[in-house]
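Just below is one structure, and these are the notes that go with it.
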Amino acid sequence: MGYEELPFPEFTLPFGIGAGDSNEAIDFILVADSMDTAFTDFSTHQKFQVDFAGRRWSDSEAEFACLKRALDSGIPILDGKFLSEVTREELDGIFAGNIKMPMLDEKLEVLHQVGVALAGNYKGRFHNFIQSCSPRLYDRGNGIIERLVKEFPRFNDVSIFDGHEIKFYKLAQLGVWMLYSTLHRSGKFRLDDPEKMSAFADYIVPVALRLLGITSYSKQLESAINAHQLVPRDSTREIEIRAHCLYATALLTEEINKLRGPNEQVIIPQIDARLWTHYHTTSWPHHLTRTIMY
């Protein structure tokens with residue numbers, strides 16, 4: 001990877017979402033990010049997919065397609081008041097696909113919580129929240145990540161390990177990264193410390209690290225994952241898989257940068273993107289954990 005191009009991601013929202021309207025882009029990204037979790041059925045191991053705009057979409061891309069389909073149908077899916085009151089039946093219809101959306105009830109609860117906070121404090125829109133934050137991830141409590149995990153508890157992705165609080169912040173960081181990679185070139189979103197991001201500890205990046213031989217698992221853990229056994233949330237296995245994902249990608253980024261020139265240095269999320277895009281459709285099994293955090 002030290003000799004690959006590894007361009008800085010210039011993410012473009014699909015289907016023309018937010019074209020010319022940065023506020024809509026911010027609203028869409030953060031609403032989608034708030035429920036960007038668990039797209040594989042825990043019983044059948046089948047991935048959620050949907051046909052839209054002439055092709056089939058999978059995983060989080062299918063979620064984006066469903067939200068755009070809802071917007072096209074006049075459903076105010078980006079408005080906090082609607083999110084705070086949406087019913088299970090309505091949400092099931094919004095996510096009509098090849099299978100029932102995994103963890104639909106948990107996603108419904110997340111949207112209710114997020115909607116109440118948006119409607120009560122930010123006129124129903126995430127862009128008003130972003131505009132109220134410091135243009136930094138961490139800034140003595142006023143940084144975007146600090147504010148997200150405090151004001152929207154669904155983003156407070158932490159686990160306790162051996163008496164220590166481990167802060168993963170997967171979705172909080174991913175949402176900000178998507179905002180930055182979508183809007184920074186146009187000057188519509190400012191972020192002064194993107195280098196402080198870690199990888200986004202999910203299901204896919206650990207698979208990439210495992211298949212590349214960067215990490216290895218015990219025989220017992222390997223067998224459990226290959227047999228599709230659930231790895232409980234906050235168990236030692238789950239925390240260690242995610243923690244080693246963060247540590248390994250940080251080390252990998254350091255080694256890659258040793259091979260690159262001063263004008264070709266990369267940050268951890270770029271390596272995360274390289275791993276995720278190459279492996280998110282792999283047939284190799286990933287660990288299964290029922291959680292709203294990734």
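All residue names refer to the structure tokens as shown: chains lettered A, B, ... in order, residues numbered from 1 in each chain, ligands numbered from 1 in order.
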Run DSSP on the backbone and grab whatever in segment 82-223 of chain A lands in strand (DSSP E); send it over as a ChimeraX atom specification. /A:158-161,164-167
Within 12 Å of segment 182-199 of chain A, which residues of segment 26-82 of chain A show up? Give each one with its shortest atom-to-atom distance in Å (one decimal) and the two atoms involved, counting only C-alpha atoms, rows by chain then rising residue number, as CSV.
```
residue,atom,partner,partner_atom,distance
A:Ile26,CA,A:Leu183,CA,8.9
A:Phe28,CA,A:Thr182,CA,11.7
A:Ile29,CA,A:Thr182,CA,9.6
```
Would you mind exporting the chosen residues as a PDB file, in the first residue's frame, restricted to N, CA, C and O atoms?
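Once written, out37.pdb looks like this:
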```
ATOM      1  N   ILE A  26     -25.502  17.298   4.881  1.00  0.00           N
ATOM      2  CA  ILE A  26     -25.194  17.071   6.301  1.00  0.00           C
ATOM      3  C   ILE A  26     -26.319  16.313   6.972  1.00  0.00           C
ATOM      4  O   ILE A  26     -26.090  15.331   7.692  1.00  0.00           O
ATOM      5  N   PHE A  28     -28.605  14.363   5.648  1.00  0.00           N
ATOM      6  CA  PHE A  28     -28.727  12.995   5.128  1.00  0.00           C
ATOM      7  C   PHE A  28     -27.633  12.100   5.694  1.00  0.00           C
ATOM      8  O   PHE A  28     -27.898  10.986   6.161  1.00  0.00           O
ATOM      9  N   ILE A  29     -26.403  12.572   5.671  1.00  0.00           N
ATOM     10  CA  ILE A  29     -25.275  11.759   6.144  1.00  0.00           C
ATOM     11  C   ILE A  29     -25.461  11.380   7.605  1.00  0.00           C
ATOM     12  O   ILE A  29     -25.286  10.221   7.990  1.00  0.00           O
TER      13      ILE A  29
END
```
Do a neighbour search on Ala248 of chain A at 10 Å with only C-alpha atoms, toss out local chain neighbours closer than 6 positions, and write the hits as number ranges by chain. A: 199, 206, 209, 214-215, 242, 254
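For the set A:Thr282, A:Ser22, A:Ser159, A:Ser73, the residue with the smallest atom-to-atom gap to Ser235 of chain A is A:Ser159, counting only C-alpha atoms.
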Check the smallest atom-to-atom distance from each of A:Ile292, A:Pro9, A:His244, A:Asp162 to Glu109 of chain A using only C-alpha atoms, then report the winner. A:Ile292
